[in-house]
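This report refers to the structure that appears directly beneath it.
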Amino acid sequence: MSKIIENNSCPLHYTMNLIGTKWKPLVLFHLLNGALRSGILQAEVKGISNKMFTETVRELEKDGLISRKVFPIVPPKVEYALTERGQSLEAILRSLDQWGLDDEQKQQG
């Protein structure tokens with residue numbers, strides 16, 4: 001049984017508040033192999049709008065899961081990377097990816 005934490009919610013509720021939207025896990029997953037420029041990261045997350053991408057990376061940055069580095073060049077270059085806290089989600093993200101692969105194959109087979 002899960003422990004109740006700080007605000008009387010379960011740990012899963014806490015985690016889902018951090019990463020439980022449609023887009024956050026995908027952004028985090030695509031940063032597992034290293035930092036990416038903003039445009040490349042957005043292109044990796046198929047189907048995300050500019051507005052949702054901006055909102056998602058801002059929330060992830062605010063929560064300390066990703067970092068944003070702006071390079072002082074013209075045109076501006078912005079790069080996102082996982083923080084140490086974000087990297088700690090690697091096992092969860094890879095497990096979700098593997099489960100999706102396995103389940104998709106079972107459904108097709």
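Residues are referred to by chain and number: the chain letter is A, B, ... according to the order shown in the structure tokens, the number counts from 1 in that chain, and ligands are numbered separately from 1 in the order shown.
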Next on the checklist: Can you pull out every residue from chain A that DSSP, working from the backbone, puts in strand (DSSP E or B), and format the result as a VMD selection string?
Outcome noted: chain A and resid 5 9 36 to 37 66 to 71 77 to 82
Would you mind exporting the chosen residues as a compact mmCIF listing (two decimals), in the first residue's frame, restricted to N, CA and C atoms?
```
# COMPACT_ATOMS: atom_id res chain seq x y z
N ILE A 5 1.52 11.10 1.46
CA ILE A 5 2.56 12.11 1.58
C ILE A 5 1.97 13.46 1.93
N SER A 9 -2.18 13.19 -0.11
CA SER A 9 -2.45 12.52 -1.38
C SER A 9 -1.45 11.37 -1.54
N LEU A 36 18.17 18.88 -26.73
CA LEU A 36 17.71 19.12 -28.09
C LEU A 36 17.32 20.58 -28.27
N ARG A 37 17.57 21.08 -29.47
CA ARG A 37 17.09 22.43 -29.80
C ARG A 37 15.58 22.41 -29.81
N ILE A 66 13.11 19.94 -16.54
CA ILE A 66 13.97 20.26 -17.68
C ILE A 66 14.60 21.63 -17.46
N SER A 67 15.68 21.85 -18.18
CA SER A 67 16.33 23.17 -18.15
C SER A 67 16.26 23.76 -19.55
N ARG A 68 16.29 25.06 -19.60
CA ARG A 68 16.21 25.79 -20.87
C ARG A 68 17.45 26.67 -20.96
N LYS A 69 18.18 26.52 -22.05
CA LYS A 69 19.38 27.33 -22.26
C LYS A 69 19.19 28.14 -23.53
N VAL A 70 19.35 29.45 -23.41
CA VAL A 70 19.22 30.35 -24.56
C VAL A 70 20.62 30.79 -24.96
N PHE A 71 20.96 30.60 -26.22
CA PHE A 71 22.25 31.01 -26.74
C PHE A 71 22.11 32.40 -27.35
N LYS A 77 18.89 30.71 -30.37
CA LYS A 77 18.90 29.25 -30.29
C LYS A 77 18.51 28.89 -28.87
N VAL A 78 17.50 28.04 -28.72
CA VAL A 78 17.05 27.59 -27.41
C VAL A 78 17.21 26.08 -27.37
N GLU A 79 17.76 25.59 -26.27
CA GLU A 79 17.99 24.17 -26.12
C GLU A 79 17.40 23.70 -24.80
N TYR A 80 16.77 22.55 -24.82
CA TYR A 80 16.18 21.96 -23.62
C TYR A 80 16.94 20.69 -23.26
N ALA A 81 17.06 20.44 -21.95
CA ALA A 81 17.71 19.24 -21.46
C ALA A 81 17.03 18.80 -20.17
N LEU A 82 17.15 17.53 -19.86
CA LEU A 82 16.64 17.04 -18.59
C LEU A 82 17.53 17.52 -17.45
```
Checklist entry - Can you tell me, as a PyMOL selection string, what residues are no more than 8 Å from His30 of chain A when counting only C-alpha atoms, ignoring any on the same chain fewer than 5 positions away? => result chain A and resi 41+44-45
Include N, CA, C and O atoms and write out the residues we just selected as an mmCIF file, in the first residue's frame.
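Contents of the output file out_14.cif:
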```cif
data_model
loop_
_atom_site.group_PDB
_atom_site.id
_atom_site.type_symbol
_atom_site.label_atom_id
_atom_site.label_comp_id
_atom_site.auth_asym_id
_atom_site.auth_seq_id
_atom_site.Cartn_x
_atom_site.Cartn_y
_atom_site.Cartn_z
ATOM 1 N N LEU A 41 13.070 19.302 -30.866
ATOM 2 C CA LEU A 41 12.269 18.662 -29.835
ATOM 3 C C LEU A 41 10.787 18.723 -30.202
ATOM 4 O O LEU A 41 10.077 17.720 -30.126
ATOM 5 N N GLU A 44 9.906 16.232 -32.812
ATOM 6 C CA GLU A 44 9.910 14.852 -32.304
ATOM 7 C C GLU A 44 8.583 14.495 -31.646
ATOM 8 O O GLU A 44 8.176 13.340 -31.654
ATOM 9 N N VAL A 45 7.926 15.480 -31.058
ATOM 10 C CA VAL A 45 6.656 15.254 -30.367
ATOM 11 C C VAL A 45 5.535 15.462 -31.386
ATOM 12 O O VAL A 45 4.990 16.550 -31.520
#
```
Checklist entry - Which residues, written as number ranges by chain, have at least one atom at most 12 Å from Leu32 of chain A, with only C-alpha atoms counted and residues fewer than 5 positions away on the same chain left out? => result A: 25-27, 41, 65-66, 80-84, 86-94
For the selection just defined, write its residues with N, CA, C and O atoms to a file, as a PDB file, in the first residue's frame.
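See part_31.pdb below for the written result:
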```pdb
ATOM      1  N   PRO A  25       5.095  13.526 -20.746  1.00  0.00           N
ATOM      2  CA  PRO A  25       5.942  12.332 -20.846  1.00  0.00           C
ATOM      3  C   PRO A  25       6.660  12.232 -22.188  1.00  0.00           C
ATOM      4  O   PRO A  25       7.800  11.763 -22.257  1.00  0.00           O
ATOM      5  N   LEU A  26       6.002  12.684 -23.255  1.00  0.00           N
ATOM      6  CA  LEU A  26       6.621  12.618 -24.581  1.00  0.00           C
ATOM      7  C   LEU A  26       7.810  13.570 -24.685  1.00  0.00           C
ATOM      8  O   LEU A  26       8.865  13.206 -25.217  1.00  0.00           O
ATOM      9  N   VAL A  27       7.657  14.783 -24.179  1.00  0.00           N
ATOM     10  CA  VAL A  27       8.769  15.741 -24.183  1.00  0.00           C
ATOM     11  C   VAL A  27       9.923  15.182 -23.361  1.00  0.00           C
ATOM     12  O   VAL A  27      11.075  15.174 -23.812  1.00  0.00           O
ATOM     13  N   LEU A  41      13.070  19.302 -30.866  1.00  0.00           N
ATOM     14  CA  LEU A  41      12.269  18.662 -29.835  1.00  0.00           C
ATOM     15  C   LEU A  41      10.787  18.723 -30.202  1.00  0.00           C
ATOM     16  O   LEU A  41      10.077  17.720 -30.126  1.00  0.00           O
ATOM     17  N   LEU A  65      12.055  19.797 -13.999  1.00  0.00           N
ATOM     18  CA  LEU A  65      12.317  18.545 -14.705  1.00  0.00           C
ATOM     19  C   LEU A  65      13.166  18.742 -15.957  1.00  0.00           C
ATOM     20  O   LEU A  65      13.849  17.816 -16.394  1.00  0.00           O
ATOM     21  N   ILE A  66      13.110  19.937 -16.536  1.00  0.00           N
ATOM     22  CA  ILE A  66      13.966  20.262 -17.685  1.00  0.00           C
ATOM     23  C   ILE A  66      14.599  21.630 -17.461  1.00  0.00           C
ATOM     24  O   ILE A  66      14.113  22.432 -16.664  1.00  0.00           O
ATOM     25  N   TYR A  80      16.766  22.550 -24.819  1.00  0.00           N
ATOM     26  CA  TYR A  80      16.185  21.963 -23.617  1.00  0.00           C
ATOM     27  C   TYR A  80      16.937  20.686 -23.255  1.00  0.00           C
ATOM     28  O   TYR A  80      17.374  19.947 -24.134  1.00  0.00           O
ATOM     29  N   ALA A  81      17.057  20.441 -21.955  1.00  0.00           N
ATOM     30  CA  ALA A  81      17.711  19.235 -21.457  1.00  0.00           C
ATOM     31  C   ALA A  81      17.030  18.801 -20.170  1.00  0.00           C
ATOM     32  O   ALA A  81      16.408  19.618 -19.475  1.00  0.00           O
ATOM     33  N   LEU A  82      17.153  17.531 -19.859  1.00  0.00           N
ATOM     34  CA  LEU A  82      16.640  17.038 -18.589  1.00  0.00           C
ATOM     35  C   LEU A  82      17.531  17.519 -17.455  1.00  0.00           C
ATOM     36  O   LEU A  82      18.757  17.541 -17.592  1.00  0.00           O
ATOM     37  N   THR A  83      16.935  17.870 -16.351  1.00  0.00           N
ATOM     38  CA  THR A  83      17.696  18.151 -15.142  1.00  0.00           C
ATOM     39  C   THR A  83      17.956  16.803 -14.455  1.00  0.00           C
ATOM     40  O   THR A  83      17.463  15.758 -14.918  1.00  0.00           O
ATOM     41  N   GLU A  84      18.665  16.831 -13.366  1.00  0.00           N
ATOM     42  CA  GLU A  84      18.892  15.598 -12.607  1.00  0.00           C
ATOM     43  C   GLU A  84      17.546  15.013 -12.163  1.00  0.00           C
ATOM     44  O   GLU A  84      17.334  13.804 -12.213  1.00  0.00           O
ATOM     45  N   GLY A  86      14.673  15.397 -13.675  1.00  0.00           N
ATOM     46  CA  GLY A  86      14.046  14.841 -14.871  1.00  0.00           C
ATOM     47  C   GLY A  86      14.656  13.511 -15.268  1.00  0.00           C
ATOM     48  O   GLY A  86      13.949  12.580 -15.668  1.00  0.00           O
ATOM     49  N   GLN A  87      15.974  13.406 -15.137  1.00  0.00           N
ATOM     50  CA  GLN A  87      16.666  12.153 -15.476  1.00  0.00           C
ATOM     51  C   GLN A  87      16.232  11.014 -14.566  1.00  0.00           C
ATOM     52  O   GLN A  87      16.259   9.849 -14.966  1.00  0.00           O
ATOM     53  N   SER A  88      15.798  11.350 -13.354  1.00  0.00           N
ATOM     54  CA  SER A  88      15.376  10.306 -12.422  1.00  0.00           C
ATOM     55  C   SER A  88      14.091   9.614 -12.892  1.00  0.00           C
ATOM     56  O   SER A  88      13.721   8.570 -12.365  1.00  0.00           O
ATOM     57  N   LEU A  89      13.417  10.156 -13.910  1.00  0.00           N
ATOM     58  CA  LEU A  89      12.212   9.544 -14.469  1.00  0.00           C
ATOM     59  C   LEU A  89      12.517   8.558 -15.595  1.00  0.00           C
ATOM     60  O   LEU A  89      11.605   7.964 -16.165  1.00  0.00           O
ATOM     61  N   GLU A  90      13.786   8.372 -15.916  1.00  0.00           N
ATOM     62  CA  GLU A  90      14.145   7.552 -17.072  1.00  0.00           C
ATOM     63  C   GLU A  90      13.545   6.148 -17.023  1.00  0.00           C
ATOM     64  O   GLU A  90      12.957   5.681 -18.004  1.00  0.00           O
ATOM     65  N   ALA A  91      13.665   5.465 -15.900  1.00  0.00           N
ATOM     66  CA  ALA A  91      13.150   4.087 -15.812  1.00  0.00           C
ATOM     67  C   ALA A  91      11.643   4.046 -16.055  1.00  0.00           C
ATOM     68  O   ALA A  91      11.137   3.161 -16.758  1.00  0.00           O
ATOM     69  N   ILE A  92      10.926   5.006 -15.512  1.00  0.00           N
ATOM     70  CA  ILE A  92       9.471   5.066 -15.686  1.00  0.00           C
ATOM     71  C   ILE A  92       9.127   5.297 -17.158  1.00  0.00           C
ATOM     72  O   ILE A  92       8.284   4.607 -17.730  1.00  0.00           O
ATOM     73  N   LEU A  93       9.796   6.265 -17.778  1.00  0.00           N
ATOM     74  CA  LEU A  93       9.512   6.601 -19.175  1.00  0.00           C
ATOM     75  C   LEU A  93       9.855   5.448 -20.107  1.00  0.00           C
ATOM     76  O   LEU A  93       9.095   5.122 -21.022  1.00  0.00           O
ATOM     77  N   ARG A  94      10.993   4.804 -19.880  1.00  0.00           N
ATOM     78  CA  ARG A  94      11.378   3.668 -20.730  1.00  0.00           C
ATOM     79  C   ARG A  94      10.427   2.491 -20.525  1.00  0.00           C
ATOM     80  O   ARG A  94      10.108   1.770 -21.475  1.00  0.00           O
TER      81      ARG A  94
END
```
Item to check | Test item, alpha helix (DSSP H) assignment across segment 9-103 of chain A, answer as a PyMOL selection string | outcome: chain A and resi 11-19+24-30+38-44+50-62+84-87+90-103
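The two atoms in question, atom CA of Leu18 of chain A and atom CA of Lys62 of chain A, are spaced 10.2 Å apart.
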Checklist entry - Given the choices A:Pro11, A:Gly64, A:Gly47, A:Pro72, which gets closest to Trp23 of chain A if the distance is worked out from only C-alpha atoms? => result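 The answer is A:Gly47, which sits nearest to Trp23 of chain A.
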